[in-house]
file structure.cif (mmCIF, C-alpha atoms and all ligand atoms)
data_work
loop_
_atom_site.label_atom_id
_atom_site.label_comp_id
_atom_site.auth_asym_id
_atom_site.auth_seq_id
_atom_site.Cartn_x
_atom_site.Cartn_y
_atom_site.Cartn_z
CA MET A 1 -24.28 -2.65 13.79
CA THR A 2 -26.47 -5.27 15.42
CA VAL A 3 -26.52 -5.65 19.20
CA LEU A 4 -25.09 -9.14 18.81
CA ILE A 5 -22.10 -7.91 16.79
CA GLU A 6 -21.53 -5.06 19.24
CA GLN A 7 -21.54 -7.55 22.11
CA ARG A 8 -19.02 -9.78 20.31
CA ARG A 9 -16.71 -6.83 19.66
CA LYS A 10 -16.70 -6.08 23.38
CA GLU A 11 -15.76 -9.67 24.14
CA ILE A 12 -12.58 -9.40 22.03
CA ASP A 13 -9.83 -8.78 24.57
CA LEU A 14 -7.13 -6.90 22.64
CA ASP A 15 -4.63 -7.18 25.49
CA LYS A 16 -4.87 -10.94 25.23
CA LEU A 17 -4.39 -10.91 21.45
CA VAL A 18 -1.48 -8.50 21.09
CA GLN A 19 1.25 -8.39 23.69
CA ARG A 20 4.57 -6.57 23.57
CA ASP A 21 6.48 -9.62 22.40
CA ARG A 22 3.90 -11.91 20.77
CA VAL A 23 0.53 -12.02 18.98
CA HIS A 24 -2.25 -14.55 19.16
CA ARG A 25 -2.76 -16.64 16.02
CA SER A 26 -6.46 -15.71 15.85
CA VAL A 27 -5.59 -12.22 14.53
CA TYR A 28 -4.73 -14.00 11.27
CA THR A 29 -7.39 -16.72 11.29
CA ASP A 30 -10.59 -15.50 12.99
CA PRO A 31 -13.21 -14.15 10.52
CA GLU A 32 -14.80 -12.01 13.26
CA ILE A 33 -11.51 -10.29 14.01
CA PHE A 34 -11.12 -9.67 10.27
CA GLU A 35 -14.57 -7.97 10.18
CA PHE A 36 -13.55 -5.93 13.21
CA GLU A 37 -10.35 -4.88 11.41
CA MET A 38 -12.40 -3.71 8.42
CA GLU A 39 -14.31 -1.35 10.75
CA ARG A 40 -11.59 -0.18 13.06
CA ILE A 41 -8.44 -0.17 10.91
CA TRP A 42 -9.55 -0.09 7.26
CA GLY A 43 -12.57 2.03 8.19
CA LYS A 44 -10.47 4.65 9.99
CA ALA A 45 -6.94 4.87 8.56
CA TRP A 46 -6.03 6.76 5.37
CA ILE A 47 -6.28 4.10 2.68
CA TYR A 48 -4.48 4.47 -0.65
CA VAL A 49 -6.91 4.98 -3.53
CA GLY A 50 -4.81 5.77 -6.59
CA HIS A 51 -2.50 8.28 -8.21
CA GLU A 52 -3.73 11.58 -9.65
CA SER A 53 -2.06 10.72 -12.97
CA GLN A 54 -4.67 7.95 -13.41
CA VAL A 55 -7.31 10.68 -13.75
CA LYS A 56 -5.36 13.32 -15.65
CA GLU A 57 -8.31 14.69 -17.62
CA PRO A 58 -11.84 15.65 -16.55
CA GLY A 59 -14.10 12.62 -16.93
CA GLN A 60 -11.41 10.03 -16.24
CA TYR A 61 -12.18 7.68 -13.37
CA PHE A 62 -10.58 4.81 -11.50
CA THR A 63 -12.46 2.34 -9.31
CA THR A 64 -11.20 0.44 -6.30
CA THR A 65 -12.32 -0.50 -2.79
CA ILE A 66 -11.80 0.82 0.72
CA ALA A 67 -12.52 -1.77 3.40
CA ARG A 68 -14.22 -3.79 0.61
CA GLN A 69 -16.58 -0.89 -0.25
CA PRO A 70 -16.55 0.11 -3.95
CA VAL A 71 -15.31 3.66 -4.49
CA VAL A 72 -14.49 5.70 -7.57
CA MET A 73 -11.83 8.38 -7.97
CA THR A 74 -12.76 10.98 -10.59
CA ARG A 75 -11.42 14.18 -12.11
CA HIS A 76 -14.24 16.73 -12.29
CA THR A 77 -14.50 19.61 -14.75
CA ASP A 78 -13.38 21.91 -11.91
CA GLY A 79 -9.97 20.19 -12.22
CA LYS A 80 -10.19 18.62 -8.77
CA VAL A 81 -9.99 14.94 -7.83
CA TYR A 82 -12.92 13.42 -5.91
CA VAL A 83 -13.36 10.07 -4.19
CA LEU A 84 -17.00 8.94 -4.19
CA PHE A 85 -18.83 5.84 -3.08
CA ASN A 86 -19.58 3.91 -6.26
CA ARG A 87 -23.32 3.75 -5.60
CA CYS A 88 -26.38 5.28 -7.18
CA ALA A 89 -28.34 7.45 -4.74
CA HIS A 90 -31.58 5.96 -6.10
CA LYS A 91 -31.69 2.18 -5.60
CA GLY A 92 -28.02 1.58 -4.77
CA ALA A 93 -26.57 0.12 -7.99
CA GLU A 94 -22.82 0.45 -8.57
CA LEU A 95 -22.49 3.29 -11.07
CA VAL A 96 -19.33 2.29 -12.92
CA GLY A 97 -18.28 -1.32 -13.27
CA ASP A 98 -14.97 -1.01 -15.10
CA THR A 99 -11.65 -0.41 -13.35
CA CYS A 100 -11.02 2.78 -15.31
CA GLY A 101 -12.39 4.80 -18.19
CA LYS A 102 -13.57 8.21 -19.31
CA ILE A 103 -17.14 9.49 -19.06
CA LYS A 104 -18.99 12.79 -19.41
CA GLU A 105 -21.13 12.06 -16.38
CA PHE A 106 -22.24 9.09 -14.31
CA LEU A 107 -25.31 7.37 -15.74
CA CYS A 108 -26.93 4.61 -13.71
CA CYS A 109 -27.54 1.53 -15.85
CA TYR A 110 -30.69 0.64 -13.90
CA HIS A 111 -33.02 3.68 -13.88
CA GLY A 112 -30.99 6.34 -15.71
CA TRP A 113 -30.15 8.74 -12.87
CA ARG A 114 -27.31 11.03 -13.93
CA PHE A 115 -24.62 12.56 -11.71
CA HIS A 116 -21.81 15.09 -12.22
CA LEU A 117 -18.21 13.89 -11.85
CA ASP A 118 -18.10 15.36 -8.33
CA GLY A 119 -21.16 13.29 -7.40
CA THR A 120 -23.87 15.98 -7.50
CA LEU A 121 -27.17 14.92 -9.00
CA LEU A 122 -27.71 16.02 -12.62
CA SER A 123 -31.10 14.58 -13.51
CA ILE A 124 -33.80 12.15 -12.46
CA PRO A 125 -36.23 10.66 -15.02
CA LEU A 126 -39.82 11.85 -14.34
CA GLU A 127 -38.53 14.05 -11.54
CA LYS A 128 -41.93 15.58 -10.73
CA GLY A 129 -42.98 12.28 -9.20
CA TYR A 130 -40.81 13.10 -6.19
CA ASP A 131 -42.54 16.44 -5.50
CA GLY A 132 -43.59 16.63 -1.88
CA SER A 133 -42.05 13.23 -1.10
CA GLY A 134 -39.22 14.64 1.04
CA PHE A 135 -36.67 13.17 -1.38
CA GLY A 136 -35.27 15.07 -4.35
CA ARG A 137 -32.67 17.37 -5.78
CA GLU A 138 -32.61 19.69 -2.73
CA ASP A 139 -31.71 16.75 -0.48
CA PRO A 140 -27.90 16.18 -0.47
CA LYS A 141 -28.58 12.46 0.01
CA SER A 142 -29.76 12.37 -3.60
CA ASN A 143 -26.14 12.98 -4.69
CA MET A 144 -23.53 10.27 -5.01
CA GLN A 145 -21.95 10.38 -1.58
CA ARG A 146 -18.35 11.48 -1.14
CA VAL A 147 -16.00 9.41 1.00
CA PRO A 148 -15.77 11.39 4.26
CA ARG A 149 -12.17 12.51 3.73
CA PHE A 150 -9.78 12.40 0.78
CA ASP A 151 -6.53 14.19 0.09
CA SER A 152 -3.36 13.71 -1.90
CA TYR A 153 0.33 13.95 -1.18
CA ARG A 154 2.50 14.62 -4.26
CA GLY A 155 -0.10 12.93 -6.43
CA PHE A 156 -0.79 9.92 -4.18
CA VAL A 157 -4.49 10.00 -3.28
CA PHE A 158 -5.60 8.54 0.04
CA ALA A 159 -9.10 8.49 1.55
CA SER A 160 -10.57 7.75 4.95
CA LEU A 161 -14.02 6.38 5.73
CA SER A 162 -13.86 8.22 9.05
CA LYS A 163 -14.78 11.90 9.42
CA GLU A 164 -12.28 12.22 12.25
CA GLY A 165 -8.59 11.60 12.62
CA PRO A 166 -5.27 13.23 11.75
CA ASP A 167 -4.92 14.97 8.37
CA LEU A 168 -3.04 13.05 5.68
CA LYS A 169 0.29 14.88 6.08
CA THR A 170 0.28 14.40 9.87
CA TRP A 171 -0.69 10.75 9.47
CA LEU A 172 2.10 10.11 6.94
CA GLY A 173 4.63 11.69 9.32
CA GLY A 174 8.14 10.34 8.84
CA VAL A 175 7.28 8.21 5.79
CA ALA A 176 6.14 11.18 3.68
CA SER A 177 9.85 11.56 2.92
CA SER A 178 9.76 8.22 1.04
CA ILE A 179 7.13 9.63 -1.33
CA ASP A 180 9.22 12.81 -1.63
CA ASN A 181 12.31 10.84 -2.59
CA MET A 182 10.38 8.80 -5.17
CA ALA A 183 8.99 11.96 -6.80
CA ASP A 184 12.26 13.90 -6.47
CA ARG A 185 13.92 11.22 -8.58
CA ALA A 186 12.00 12.64 -11.54
CA PRO A 187 13.82 15.46 -13.35
CA ASP A 188 10.40 17.16 -13.60
CA GLY A 189 9.60 16.42 -9.93
CA GLU A 190 6.49 14.37 -10.75
CA LEU A 191 5.47 10.76 -11.16
CA GLU A 192 2.88 9.16 -13.38
CA VAL A 193 1.35 5.71 -13.40
CA THR A 194 2.12 3.69 -16.51
CA GLY A 195 -0.13 0.93 -17.80
CA GLY A 196 -2.38 -1.10 -15.55
CA ALA A 197 -1.59 -3.16 -12.48
CA PHE A 198 -0.61 -6.73 -11.87
CA ARG A 199 -3.46 -7.88 -9.67
CA TYR A 200 -3.27 -11.24 -7.98
CA GLU A 201 -4.94 -13.10 -5.18
CA HIS A 202 -3.10 -14.42 -2.15
CA ASP A 203 -4.74 -17.21 -0.11
CA SER A 204 -3.62 -15.60 3.10
CA ASN A 205 -4.33 -12.84 5.59
CA TRP A 206 -3.44 -9.27 4.52
CA LYS A 207 -1.04 -8.75 7.45
CA PHE A 208 1.41 -11.40 6.25
CA PHE A 209 2.14 -9.34 3.14
CA VAL A 210 2.47 -6.03 5.00
CA GLU A 211 4.76 -7.60 7.61
CA ASN A 212 6.93 -9.38 5.06
CA LEU A 213 8.13 -6.20 3.38
CA ASN A 214 10.29 -5.18 6.30
CA ASP A 215 11.08 -8.70 7.48
CA LEU A 216 14.80 -8.74 6.72
CA MET A 217 15.39 -12.18 8.20
CA HIS A 218 13.70 -13.91 5.26
CA PRO A 219 15.24 -12.86 1.89
CA MET A 220 18.48 -14.83 2.17
CA VAL A 221 16.47 -17.97 3.04
CA ALA A 222 13.18 -17.71 1.15
CA HIS A 223 14.66 -16.37 -2.09
CA GLN A 224 17.46 -18.87 -2.60
CA SER A 225 15.78 -20.63 -5.50
CA SER A 226 15.43 -17.37 -7.43
CA SER A 227 18.12 -14.98 -6.26
CA LEU A 228 20.90 -17.41 -5.39
CA THR A 229 20.44 -19.09 -8.76
CA ALA A 230 20.82 -15.67 -10.43
CA ARG A 231 24.06 -15.11 -8.51
CA ILE A 232 25.46 -18.49 -9.49
CA VAL A 233 24.55 -17.97 -13.14
CA GLY A 234 26.13 -14.51 -13.03
CA LYS A 235 29.39 -15.84 -11.56
CA LYS A 236 29.73 -19.05 -13.51
CA GLU A 237 28.27 -18.33 -16.89
CA LEU A 238 29.06 -14.67 -17.57
CA PRO A 239 32.42 -12.95 -18.12
CA ALA A 240 33.67 -11.23 -14.95
CA ASP A 241 34.79 -8.10 -16.81
CA LYS A 242 31.31 -7.35 -18.25
CA PRO A 243 28.51 -5.60 -16.34
CA LEU A 244 25.74 -7.89 -15.10
CA PRO A 245 22.58 -7.97 -17.23
CA SER A 246 19.83 -5.88 -15.57
CA ALA A 247 17.79 -8.94 -14.58
CA LEU A 248 20.70 -10.40 -12.61
CA GLU A 249 21.51 -6.99 -11.13
CA ILE A 250 17.93 -6.87 -9.76
CA LEU A 251 17.70 -10.50 -8.59
CA SER A 252 21.12 -11.00 -7.01
CA PRO A 253 20.88 -8.72 -3.93
CA PHE A 254 17.91 -10.65 -2.48
CA THR A 255 20.37 -13.22 -1.14
CA GLU A 256 22.85 -10.80 0.40
CA SER A 257 24.16 -11.80 3.84
CA TYR A 258 22.49 -11.29 7.22
CA THR A 259 25.11 -8.61 7.89
CA PHE A 260 24.10 -6.70 4.75
CA PHE A 261 20.41 -6.73 5.73
CA ASP A 262 21.25 -5.91 9.37
CA ASP A 263 23.18 -2.85 8.20
CA MET A 264 20.25 -1.69 6.06
CA GLY A 265 18.38 -1.06 9.31
CA LEU A 266 14.70 -0.58 10.14
CA HIS A 267 12.87 2.68 10.78
CA ALA A 268 9.48 2.69 12.51
CA PHE A 269 6.98 5.53 12.94
CA ASP A 270 3.54 6.17 14.41
CA TYR A 271 0.42 4.61 12.86
CA GLY A 272 2.35 1.43 11.96
CA HIS A 273 4.39 3.02 9.16
CA GLY A 274 8.02 2.18 8.51
CA TYR A 275 10.77 1.53 6.04
CA SER A 276 13.90 -0.55 5.76
CA GLY A 277 17.16 0.59 4.27
CA GLY A 278 18.40 4.13 4.15
CA LYS A 279 21.66 4.91 2.46
CA MET A 280 22.06 1.25 1.60
CA SER A 281 19.53 -1.26 0.29
CA ILE A 282 19.15 -3.95 -2.35
CA HIS A 283 18.51 -1.11 -4.84
CA ALA A 284 21.64 0.92 -4.09
CA ARG A 285 24.00 -0.64 -6.60
CA TYR A 286 22.13 -0.53 -9.90
CA SER A 287 24.25 0.64 -12.81
CA ASP A 288 24.27 4.31 -13.71
CA ILE A 289 22.22 5.63 -16.61
CA PRO A 290 24.34 8.63 -17.75
CA GLU A 291 21.57 10.45 -19.64
CA TYR A 292 19.34 10.27 -16.57
CA ASN A 293 22.08 11.59 -14.29
CA ALA A 294 22.67 14.47 -16.73
CA ARG A 295 18.97 15.41 -16.78
CA MET A 296 18.77 15.24 -12.99
CA GLU A 297 21.82 17.48 -12.57
CA LYS A 298 20.37 19.96 -15.04
CA ALA A 299 17.12 20.03 -13.07
CA TYR A 300 18.45 20.09 -9.50
CA GLY A 301 22.21 20.78 -9.51
CA GLU A 302 24.95 18.36 -8.54
CA GLU A 303 24.69 18.67 -4.75
CA ARG A 304 20.92 18.14 -4.57
CA VAL A 305 21.13 15.16 -6.94
CA LYS A 306 23.74 13.56 -4.68
CA GLU A 307 21.34 14.00 -1.78
CA ILE A 308 18.41 12.51 -3.69
CA PHE A 309 20.42 9.49 -4.90
CA SER A 310 21.91 8.91 -1.45
CA VAL A 311 18.47 7.79 -0.22
CA ASN A 312 18.05 4.15 -1.18
CA ARG A 313 15.20 2.83 0.89
CA HIS A 314 14.02 -0.72 0.39
CA ASN A 315 10.26 -0.96 1.20
CA THR A 316 8.20 1.80 2.78
CA VAL A 317 4.90 0.73 4.35
CA PHE A 318 2.01 3.18 4.68
CA TYR A 319 0.13 0.97 7.10
CA PRO A 320 -2.14 -0.80 6.29
CA SER A 321 -2.78 -0.40 2.58
CA ALA A 322 0.19 0.77 0.53
CA THR A 323 3.87 0.09 0.06
CA ILE A 324 6.40 1.71 -2.26
CA LYS A 325 9.91 1.14 -3.46
CA GLY A 326 10.93 4.69 -4.25
CA ALA A 327 14.33 3.79 -5.62
CA ILE A 328 12.78 1.62 -8.35
CA GLN A 329 9.42 3.47 -8.70
CA THR A 330 7.08 0.59 -7.95
CA MET A 331 4.14 0.34 -5.59
CA ARG A 332 2.17 -2.54 -4.15
CA VAL A 333 -1.34 -2.00 -2.83
CA VAL A 334 -3.22 -4.25 -0.40
CA ARG A 335 -6.95 -5.04 -0.76
CA PRO A 336 -8.23 -7.49 1.89
CA ILE A 337 -11.11 -9.73 0.75
CA ALA A 338 -11.52 -12.19 3.63
CA VAL A 339 -9.56 -13.38 6.64
CA ASP A 340 -7.54 -15.69 4.36
CA LYS A 341 -7.83 -13.87 1.03
CA THR A 342 -6.04 -10.72 -0.11
CA ILE A 343 -5.56 -9.04 -3.45
CA ILE A 344 -2.20 -7.41 -4.06
CA GLU A 345 -1.84 -4.92 -6.88
CA SER A 346 1.52 -4.01 -8.30
CA TRP A 347 1.94 -0.63 -10.05
CA THR A 348 4.76 0.91 -12.07
CA PHE A 349 5.55 4.64 -12.26
CA ARG A 350 7.32 6.77 -14.82
CA LEU A 351 9.65 9.50 -13.61
CA LYS A 352 8.57 12.51 -15.63
CA GLY A 353 11.45 13.96 -17.62
CA ALA A 354 13.62 10.81 -17.25
CA PRO A 355 14.83 8.69 -20.19
CA ASP A 356 12.86 5.53 -20.98
CA GLU A 357 15.57 3.25 -19.56
CA LEU A 358 14.32 4.11 -16.06
CA LEU A 359 10.80 2.99 -16.87
CA HIS A 360 12.12 -0.15 -18.56
CA ARG A 361 14.04 -0.99 -15.40
CA SER A 362 10.92 -0.48 -13.25
CA ILE A 363 8.87 -2.69 -15.56
CA LEU A 364 11.60 -5.33 -15.54
CA TYR A 365 11.64 -5.16 -11.73
CA CYS A 366 7.86 -5.60 -11.59
CA ASN A 367 8.01 -8.53 -13.99
CA LEU A 368 10.84 -10.24 -12.12
CA ILE A 369 9.79 -9.54 -8.53
CA ASN A 370 6.15 -8.42 -8.23
CA SER A 371 4.14 -9.90 -11.09
CA SER A 372 1.86 -12.91 -10.75
CA ALA A 373 4.25 -15.08 -12.77
CA ASN A 374 7.53 -13.79 -11.37
CA LEU A 375 10.57 -15.43 -9.81
CA VAL A 376 10.71 -13.88 -6.32
CA GLY A 377 7.16 -13.08 -5.15
CA PRO A 378 5.93 -16.69 -5.22
CA ASP A 379 8.61 -17.57 -2.61
CA ASP A 380 6.89 -15.14 -0.24
CA GLN A 381 3.39 -16.14 -1.32
CA GLU A 382 4.18 -19.77 -0.52
CA ALA A 383 5.43 -18.70 2.92
CA TYR A 384 2.23 -16.68 3.66
CA ARG A 385 0.04 -19.64 2.65
CA ARG A 386 2.07 -21.96 4.88
CA GLN A 387 1.72 -19.49 7.75
CA GLN A 388 -2.04 -19.37 7.19
CA LEU A 389 -2.20 -23.19 7.30
CA GLY A 390 0.28 -23.55 10.17
CA LEU A 391 -1.61 -21.10 12.35
CA GLU A 392 -4.79 -23.20 11.99
CA THR A 393 -3.06 -25.95 13.99
CA GLN A 394 -3.12 -26.30 17.77
CA GLY A 395 0.69 -26.36 17.78
CA SER A 396 0.80 -23.06 19.64
CA ASP A 397 -1.46 -20.04 20.01
CA TRP A 398 1.40 -17.55 19.68
CA ILE A 399 3.61 -15.93 17.06
CA THR A 400 6.83 -14.46 18.37
CA MET A 401 8.04 -10.87 18.03
CA HIS A 402 10.85 -11.29 20.57
CA ARG A 403 13.92 -10.55 18.45
CA ASP A 404 15.84 -7.52 19.79
CA LEU A 405 13.04 -6.76 22.23
CA ASP A 406 13.77 -3.57 24.23
CA LYS A 407 16.79 -2.77 22.07
CA ASP A 408 15.10 -0.21 19.79
CA GLU A 409 16.75 3.16 19.50
CA ASP A 410 14.46 6.17 20.04
CA LEU A 411 15.38 8.86 17.51
CA GLY A 412 12.66 11.28 18.71
CA ASP A 413 9.41 12.47 17.09
CA GLY A 414 8.00 8.95 17.10
CA HIS A 415 10.94 7.67 15.01
CA THR A 416 12.47 4.37 16.18
CA TYR A 417 15.48 2.59 14.71
CA ALA A 418 16.76 -0.99 14.94
CA ARG A 419 19.09 -3.26 13.01
CA GLY A 420 17.56 -5.05 10.04
CA SER A 421 17.06 -8.43 11.67
CA SER A 422 15.04 -6.96 14.56
CA ASP A 423 11.33 -7.67 14.97
CA LEU A 424 10.78 -3.89 15.30
CA ALA A 425 8.55 -3.62 12.20
CA PHE A 426 6.22 -6.37 13.52
CA ARG A 427 5.99 -4.84 16.99
CA ASN A 428 5.39 -1.38 15.53
CA GLN A 429 2.62 -2.57 13.21
CA PHE A 430 0.87 -4.41 16.03
CA ARG A 431 1.19 -1.37 18.31
CA ALA A 432 -0.78 0.56 15.69
CA TRP A 433 -3.13 -2.40 15.11
CA LYS A 434 -4.04 -2.47 18.79
CA ALA A 435 -4.41 1.31 18.94
CA TYR A 436 -6.75 1.38 15.92
CA MET A 437 -8.74 -1.57 17.23
CA SER A 438 -9.22 0.17 20.56
CA GLU A 439 -10.47 3.34 18.78
CA GLY A 440 -7.19 5.30 18.74
CA GLY A 441 -4.70 5.05 15.86
CA ARG A 442 -1.04 5.37 16.77
FE FE A 501 10.57 -11.79 0.16
#

call {"tool": "encode", "arguments": {"input": "structure.cif", "output": "structure tokens", "more": "lines below"}}
Ligand SMILES: [Fe+2]
result
Amino acid sequence: MTVLIEQRRKEIDLDKLVQRDRVHRSVYTDPEIFEFEMERIWGKAWIYVGHESQVKEPGQYFTTTIARQPVVMTRHTDGKVYVLFNRCAHKGAELVGDTCGKIKEFLCCYHGWRFHLDGTLLSIPLEKGYDGSGFGREDPKSNMQRVPRFDSYRGFVFASLSKEGPDLKTWLGGVASSIDNMADRAPDGELEVTGGAFRYEHDSNWKFFVENLNDLMHPMVAHQSSSLTARIVGKKELPADKPLPSALEILSPFTESYTFFDDMGLHAFDYGHGYSGGKMSIHARYSDIPEYNARMEKAYGEERVKEIFSVNRHNTVFYPSATIKGAIQTMRVVRPIAVDKTIIESWTFRLKGAPDELLHRSILYCNLINSSANLVGPDDQEAYRRQQLGLETQGSDWITMHRDLDKDEDLGDGHTYARGSSDLAFRNQFRAWKAYMSEGGR
């Protein structure tokens, strides 16, 4: 880091930017603060890379970015998953350019250096030329470099660019149970990614998306054009004695009342994580699929299945990079590009051992709510863009987080609860934001 950049970092007064009840608009609009976030938050936290099922067989790989740096997740012939920087140790070229594929080894397109799937150097053309140069096979720097830390939890692979920090399980804390519930919904106890991802660009800061997922004051307003229309169509045009078509079943709950969303509740944890909903959420009233229930009961027994199905969380945020909806087996992943540009990926999972209807419902959900040409997501996207534009004005320097201030309920072990309309999720994310930015993390 240059002396000038270091000096500028020191001049950023975090206490002035993030207060207990409000944040300064520059955290969404200032390119220098964005660069600082890439170092301190995205360069330190566990960032979601991909799911182990994307690299089932040795040689399969999946490429993505961590804090904008290209990385590749591979399955080596030793059966293990590795996360490597996607860079040749020779002159620095990206080794694989496609999003995914299957290879025997890495082969650099520029000078033909070859690497094993765990990153170790396989061969260098005219290797003798390096004799006595101080650079060569015996030097670990001639390997593809591994990301300092990577680990997986029930198939979900995260990596950290920092050598230090809590281990993945500790970092996940109270939200690991959301991954558990998503995987436990599979009769075989495992998930697998199906197909590719919807990948689309938002002209707005990454934090707007992450904050929106547990902002329960917006659905009944922002989603009127999509969800309310679905409700009206359902009531007026369809016979009352017939079950709602799946699409309407998915769309309608977005415009439930304030009371409904308040009762869903918000749960906040250390490191900025949190979820909304618990027993009740917009996913709790989907119609039964008898064959699925039968397979679940066979696998787990009636009592355990009741327990699994009683958890109906809405969105879980693994701050800052990943969000899941366990009850519908979808995931959205955040990839910041610039202060006002973010890519959101939307993934769909299959519950292993479940009938295809479950997967069809997840795909339908993704198409209707999360895809780039869907009915609901653009409502939010429009709001983020308007926030980005509004915060460029001199109207005010501050964004409020006052709602239900000091009314949070401490449930112990870093677990805090509030009613759904509270600003708890915002305050909790910015508590972690400030801690990361000042070198800590919680
Ligand atoms: Fe929304």

call {"tool": "residues_near_ligand", "arguments": {"input": "structure.cif", "ligand": "ligand FE 501 (chain A)", "cutoff": "8 Å", "atoms": "all atoms listed in the file", "output": "list of chain:residue names"}}
result
A:Asn212, A:Leu213, A:Asp215, A:His218, A:Pro219, A:Ala222, A:His223, A:Phe254, A:Val376, A:Gly377, A:Asp379, A:Asp380

call {"tool": "write_last_selection", "arguments": {"input": "structure.cif", "atoms": "C-alpha atoms", "output": "PDB file, in the coordinates of the input"}}
result
ATOM      1  CA  ASN A 212       6.930  -9.380   5.060  1.00  0.00           C
ATOM      2  CA  LEU A 213       8.130  -6.200   3.380  1.00  0.00           C
ATOM      3  CA  ASP A 215      11.080  -8.700   7.480  1.00  0.00           C
ATOM      4  CA  HIS A 218      13.700 -13.910   5.260  1.00  0.00           C
ATOM      5  CA  PRO A 219      15.240 -12.860   1.890  1.00  0.00           C
ATOM      6  CA  ALA A 222      13.180 -17.710   1.150  1.00  0.00           C
ATOM      7  CA  HIS A 223      14.660 -16.370  -2.090  1.00  0.00           C
ATOM      8  CA  PHE A 254      17.910 -10.650  -2.480  1.00  0.00           C
ATOM      9  CA  VAL A 376      10.710 -13.880  -6.320  1.00  0.00           C
ATOM     10  CA  GLY A 377       7.160 -13.080  -5.150  1.00  0.00           C
ATOM     11  CA  ASP A 379       8.610 -17.570  -2.610  1.00  0.00           C
ATOM     12  CA  ASP A 380       6.890 -15.140  -0.240  1.00  0.00           C
TER      13      ASP A 380
END

call {"tool": "axis_aligned_box", "arguments": {"input": "structure.cif", "around": "region 317-325 of chain A", "padding_each_side": "8 Å", "output": "AutoDock Vina command-line options"}}
result
--center_x 3.6 --center_y 1.2 --center_z 1.8 --size_x 28.7 --size_y 20.0 --size_z 26.6

call {"tool": "residues_around", "arguments": {"input": "structure.cif", "residues": "Ile179 (chain A)", "least_positions_apart": "4", "cutoff": "12 Å", "atoms": "only C-alpha atoms", "output": "VMD selection string"}}
result
chain A and resid 51 152 to 157 169 172 to 175 183 to 186 189 to 191 275 308 311 313 315 to 318 322 to 327 329 to 331

call {"tool": "atom_distance", "arguments": {"input": "structure.cif", "atom1": "CA of Tyr258 (chain A)", "atom2": "CA of Thr400 (chain A)"}}
result
19.5 Å

call {"tool": "atom_distance", "arguments": {"input": "structure.cif", "atom1": "CA of Lys306 (chain A)", "atom2": "CA of Ala354 (chain A)"}}
result
16.4 Å

call {"tool": "closest_residue", "arguments": {"input": "structure.cif", "among": "A:Asn374, A:Ser346, A:Ser438, A:Thr393", "to": "Glu37 (chain A)", "atoms": "only C-alpha atoms"}}
result
A:Ser438

call {"tool": "closest_residue", "arguments": {"input": "structure.cif", "among": "A:Arg149, A:His111, A:Arg332, A:Arg419", "to": "Asp404 (chain A)", "atoms": "all atoms listed in the file"}}
result
A:Arg419

call {"tool": "atom_distance", "arguments": {"input": "structure.cif", "atom1": "CA of Pro378 (chain A)", "atom2": "CA of Glu32 (chain A)"}}
result
28.2 Å

call {"tool": "residues_around", "arguments": {"input": "structure.cif", "residues": "Ala159 (chain A)", "least_positions_apart": "4", "cutoff": "9 Å", "atoms": "only C-alpha atoms", "output": "tab-separated table (two decimals) with C-alpha atoms, in the coordinates of the input"}}
result
chain	number	residue	atom	x	y	z
A	45	ALA	CA	-6.94	4.87	8.56
A	46	TRP	CA	-6.03	6.76	5.37
A	47	ILE	CA	-6.28	4.10	2.68
A	48	TYR	CA	-4.48	4.47	-0.65
A	49	VAL	CA	-6.91	4.98	-3.53
A	66	ILE	CA	-11.80	0.82	0.72
A	83	VAL	CA	-13.36	10.07	-4.19
A	147	VAL	CA	-16.00	9.41	1.00
A	148	PRO	CA	-15.77	11.39	4.26
A	149	ARG	CA	-12.17	12.51	3.73
A	150	PHE	CA	-9.78	12.40	0.78
A	151	ASP	CA	-6.53	14.19	0.09
A	152	SER	CA	-3.36	13.71	-1.90
A	168	LEU	CA	-3.04	13.05	5.68
